[in-house]
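Everything on this sheet refers to the single structure shown next.
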Amino acid sequence: MGIKIVSEKENPLLKRKEVCFQIEHAQTGTPSRLEVRKAVAKILKTDMDLVYVQKFETKTGGFTAVGTANVYDSVEQAKFVEPEYIIKRNVLMEKPKEKAEEKIEKNEGKQQNV
């Protein structure tokens, strides 16, 4: 997976850098959002917690994904500016096994109350 920064724009009002990137992924499928965040953070030499991927997509039949990301000065600024759904997309997801266990425990609790 090779990443290339296509454009980079400083936005002092929102205290962030707005980045357009291009990812070549000929050997694998479209990378996950987490992998993209790590790659952008590495190439810009910043912490992954400051990078929020807005969108990225691979055109049908191609091996190049194009997207945009915002790199903030601080986590507090990111949480203040970014919409909640973008923040949720960029956080690490729980393992499905753990969620299934929580549902089972929750259902058992309901059955005991009945």
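Chain labels A, B, ... are given in the sequence in which chains occur in the structure tokens; within each chain residues are numbered consecutively from 1, and ligands are likewise numbered from 1 in the order shown.
Neighbours of segment 78-92 of chain A closer than or equal to 10 Å, with only C-alpha atoms counted and sequence neighbours fewer than 2 positions away skipped, come out as Leu14, Lys15, Arg16, Arg33, Leu34, Arg37, Asp49, Leu50, Val51, Tyr52, Val53, Gln54, Lys55, Asn70, Val71, Tyr72, Asp73, Ser74, Val75, Glu76, Glu94 and Lys95 of chain A.
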- Please provide as a ChimeraX atom specification all residues within 10 Å of Phe63 of chain A, with the sequence filter that same-chain residues fewer than 4 positions apart are discarded (counting only C-alpha atoms). /A:23-30,58-59
Would you export the selected residues with N, CA and C atoms as a PDB file, in the first residue's frame, please?
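Final file, selection01.pdb:
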ATOM      1  N   ILE A  23      -4.148   6.511  -2.513  1.00  0.00           N
ATOM      2  CA  ILE A  23      -3.554   5.275  -2.035  1.00  0.00           C
ATOM      3  C   ILE A  23      -3.586   4.232  -3.140  1.00  0.00           C
ATOM      4  N   GLU A  24      -2.414   3.667  -3.440  1.00  0.00           N
ATOM      5  CA  GLU A  24      -2.314   2.558  -4.388  1.00  0.00           C
ATOM      6  C   GLU A  24      -2.397   1.262  -3.599  1.00  0.00           C
ATOM      7  N   HIS A  25      -3.340   0.380  -3.968  1.00  0.00           N
ATOM      8  CA  HIS A  25      -3.504  -0.882  -3.240  1.00  0.00           C
ATOM      9  C   HIS A  25      -3.764  -2.025  -4.227  1.00  0.00           C
ATOM     10  N   ALA A  26      -2.819  -2.231  -5.128  1.00  0.00           N
ATOM     11  CA  ALA A  26      -2.980  -3.233  -6.183  1.00  0.00           C
ATOM     12  C   ALA A  26      -2.990  -4.660  -5.639  1.00  0.00           C
ATOM     13  N   GLN A  27      -2.235  -4.947  -4.592  1.00  0.00           N
ATOM     14  CA  GLN A  27      -2.115  -6.317  -4.084  1.00  0.00           C
ATOM     15  C   GLN A  27      -3.248  -6.705  -3.133  1.00  0.00           C
ATOM     16  N   THR A  28      -3.938  -5.736  -2.559  1.00  0.00           N
ATOM     17  CA  THR A  28      -4.980  -6.006  -1.573  1.00  0.00           C
ATOM     18  C   THR A  28      -6.252  -5.250  -1.939  1.00  0.00           C
ATOM     19  N   GLY A  29      -7.289  -5.437  -1.136  1.00  0.00           N
ATOM     20  CA  GLY A  29      -8.528  -4.689  -1.318  1.00  0.00           C
ATOM     21  C   GLY A  29      -8.388  -3.284  -0.772  1.00  0.00           C
ATOM     22  N   THR A  30      -9.475  -2.555  -0.779  1.00  0.00           N
ATOM     23  CA  THR A  30      -9.462  -1.204  -0.233  1.00  0.00           C
ATOM     24  C   THR A  30      -9.092  -1.262   1.241  1.00  0.00           C
ATOM     25  N   THR A  58     -12.580   3.813  -3.596  1.00  0.00           N
ATOM     26  CA  THR A  58     -11.904   3.248  -4.745  1.00  0.00           C
ATOM     27  C   THR A  58     -12.901   3.211  -5.887  1.00  0.00           C
ATOM     28  N   LYS A  59     -12.511   3.731  -7.030  1.00  0.00           N
ATOM     29  CA  LYS A  59     -13.386   3.673  -8.192  1.00  0.00           C
ATOM     30  C   LYS A  59     -13.527   2.227  -8.633  1.00  0.00           C
TER      31      LYS A  59
END
- Message: as JSON, numbers by chain, please: every residue in segment 51-94 of chain A that a backbone DSSP assignment puts in helix (DSSP H, G or I).
- Response: {"A": [75, 76, 77, 78, 79, 80, 81, 84, 85, 86, 87, 88, 89, 90]}
Keeping only C-alpha atoms, write the selected residues to a file as a PDB file, in the first residue's frame.
ATOM      1  CA  VAL A  75      -7.756  16.384  20.007  1.00  0.00           C
ATOM      2  CA  GLU A  76      -9.978  18.939  21.769  1.00  0.00           C
ATOM      3  CA  GLN A  77     -10.136  21.074  18.625  1.00  0.00           C
ATOM      4  CA  ALA A  78     -11.005  18.015  16.539  1.00  0.00           C
ATOM      5  CA  LYS A  79     -13.864  17.048  18.850  1.00  0.00           C
ATOM      6  CA  PHE A  80     -15.133  20.631  18.788  1.00  0.00           C
ATOM      7  CA  VAL A  81     -15.099  20.985  14.977  1.00  0.00           C
ATOM      8  CA  GLU A  84     -20.051  13.367  15.661  1.00  0.00           C
ATOM      9  CA  TYR A  85     -20.568  10.800  12.907  1.00  0.00           C
ATOM     10  CA  ILE A  86     -17.047  11.438  11.532  1.00  0.00           C
ATOM     11  CA  ILE A  87     -15.576  11.012  15.021  1.00  0.00           C
ATOM     12  CA  LYS A  88     -17.459   7.716  15.446  1.00  0.00           C
ATOM     13  CA  ARG A  89     -16.189   6.461  12.081  1.00  0.00           C
ATOM     14  CA  ASN A  90     -12.604   7.188  13.042  1.00  0.00           C
TER      15      ASN A  90
END
- Message: Rounded to one decimal, what separation in Å do you get between atom CA of Val40 of chain A and atom CA of Lys9 of chain A?
- Response: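 Atom CA of Lys9 of chain A lies 14.4 Å from atom CA of Val40 of chain A.
One finds atom CA of Val66 of chain A at 24.3 Å from atom CA of Pro12 of chain A.
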- Message: Between atom CA of Phe56 of chain A and atom CA of Leu44 of chain A, what distance in Å does the model show, to one decimal?
- Response: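 Separating atom CA of Phe56 of chain A from atom CA of Leu44 of chain A is a distance of 17.6 Å.
Inside segment 2-33 of chain A, the residues DSSP reads as strand (DSSP E) when given the backbone are A:Gly2, A:Ile3, A:Lys4, A:Ile5, A:Val6, A:Ser7, A:Glu8, A:Lys9, A:Glu10, A:Asn11, A:Arg16, A:Lys17, A:Glu18, A:Val19, A:Cys20, A:Phe21, A:Gln22, A:Ile23, A:Glu24.
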Next, the residues of the selection above should be written as a PDB file, in the first residue's frame with N, CA and C atoms.
ATOM      1  N   GLY A   2       0.788   2.022  -1.028  1.00  0.00           N
ATOM      2  CA  GLY A   2       1.559   3.257  -1.121  1.00  0.00           C
ATOM      3  C   GLY A   2       0.635   4.454  -1.047  1.00  0.00           C
ATOM      4  N   ILE A   3       1.022   5.441  -0.266  1.00  0.00           N
ATOM      5  CA  ILE A   3       0.192   6.635  -0.109  1.00  0.00           C
ATOM      6  C   ILE A   3       0.938   7.853  -0.630  1.00  0.00           C
ATOM      7  N   LYS A   4       0.181   8.751  -1.258  1.00  0.00           N
ATOM      8  CA  LYS A   4       0.767   9.976  -1.801  1.00  0.00           C
ATOM      9  C   LYS A   4      -0.156  11.135  -1.437  1.00  0.00           C
ATOM     10  N   ILE A   5       0.416  12.202  -0.901  1.00  0.00           N
ATOM     11  CA  ILE A   5      -0.357  13.405  -0.576  1.00  0.00           C
ATOM     12  C   ILE A   5      -0.498  14.214  -1.858  1.00  0.00           C
ATOM     13  N   VAL A   6      -1.734  14.415  -2.302  1.00  0.00           N
ATOM     14  CA  VAL A   6      -2.000  15.141  -3.544  1.00  0.00           C
ATOM     15  C   VAL A   6      -2.001  16.644  -3.289  1.00  0.00           C
ATOM     16  N   SER A   7      -2.673  17.066  -2.207  1.00  0.00           N
ATOM     17  CA  SER A   7      -2.675  18.485  -1.853  1.00  0.00           C
ATOM     18  C   SER A   7      -2.794  18.630  -0.342  1.00  0.00           C
ATOM     19  N   GLU A   8      -2.296  19.753   0.134  1.00  0.00           N
ATOM     20  CA  GLU A   8      -2.296  20.036   1.570  1.00  0.00           C
ATOM     21  C   GLU A   8      -2.562  21.520   1.753  1.00  0.00           C
ATOM     22  N   LYS A   9      -3.578  21.852   2.557  1.00  0.00           N
ATOM     23  CA  LYS A   9      -3.961  23.239   2.746  1.00  0.00           C
ATOM     24  C   LYS A   9      -4.079  23.524   4.236  1.00  0.00           C
ATOM     25  N   GLU A  10      -3.467  24.587   4.686  1.00  0.00           N
ATOM     26  CA  GLU A  10      -3.535  24.992   6.097  1.00  0.00           C
ATOM     27  C   GLU A  10      -4.806  25.812   6.310  1.00  0.00           C
ATOM     28  N   ASN A  11      -5.566  25.505   7.368  1.00  0.00           N
ATOM     29  CA  ASN A  11      -6.771  26.241   7.710  1.00  0.00           C
ATOM     30  C   ASN A  11      -6.603  26.779   9.132  1.00  0.00           C
ATOM     31  N   ARG A  16      -6.425  23.401  11.625  1.00  0.00           N
ATOM     32  CA  ARG A  16      -6.225  22.083  11.032  1.00  0.00           C
ATOM     33  C   ARG A  16      -5.587  22.194   9.656  1.00  0.00           C
ATOM     34  N   LYS A  17      -5.067  21.059   9.186  1.00  0.00           N
ATOM     35  CA  LYS A  17      -4.584  20.914   7.820  1.00  0.00           C
ATOM     36  C   LYS A  17      -5.594  20.068   7.084  1.00  0.00           C
ATOM     37  N   GLU A  18      -5.975  20.477   5.885  1.00  0.00           N
ATOM     38  CA  GLU A  18      -6.898  19.708   5.064  1.00  0.00           C
ATOM     39  C   GLU A  18      -6.080  19.031   3.974  1.00  0.00           C
ATOM     40  N   VAL A  19      -6.124  17.706   3.944  1.00  0.00           N
ATOM     41  CA  VAL A  19      -5.239  16.914   3.110  1.00  0.00           C
ATOM     42  C   VAL A  19      -6.051  16.067   2.131  1.00  0.00           C
ATOM     43  N   CYS A  20      -5.630  16.053   0.875  1.00  0.00           N
ATOM     44  CA  CYS A  20      -6.169  15.117  -0.115  1.00  0.00           C
ATOM     45  C   CYS A  20      -5.082  14.091  -0.380  1.00  0.00           C
ATOM     46  N   PHE A  21      -5.462  12.815  -0.396  1.00  0.00           N
ATOM     47  CA  PHE A  21      -4.463  11.753  -0.566  1.00  0.00           C
ATOM     48  C   PHE A  21      -4.922  10.743  -1.598  1.00  0.00           C
ATOM     49  N   GLN A  22      -3.951   9.952  -2.043  1.00  0.00           N
ATOM     50  CA  GLN A  22      -4.192   8.900  -3.018  1.00  0.00           C
ATOM     51  C   GLN A  22      -3.454   7.657  -2.540  1.00  0.00           C
ATOM     52  N   ILE A  23      -4.148   6.511  -2.513  1.00  0.00           N
ATOM     53  CA  ILE A  23      -3.554   5.275  -2.035  1.00  0.00           C
ATOM     54  C   ILE A  23      -3.586   4.232  -3.140  1.00  0.00           C
ATOM     55  N   GLU A  24      -2.414   3.667  -3.440  1.00  0.00           N
ATOM     56  CA  GLU A  24      -2.314   2.558  -4.388  1.00  0.00           C
ATOM     57  C   GLU A  24      -2.397   1.262  -3.599  1.00  0.00           C
TER      58      GLU A  24
END
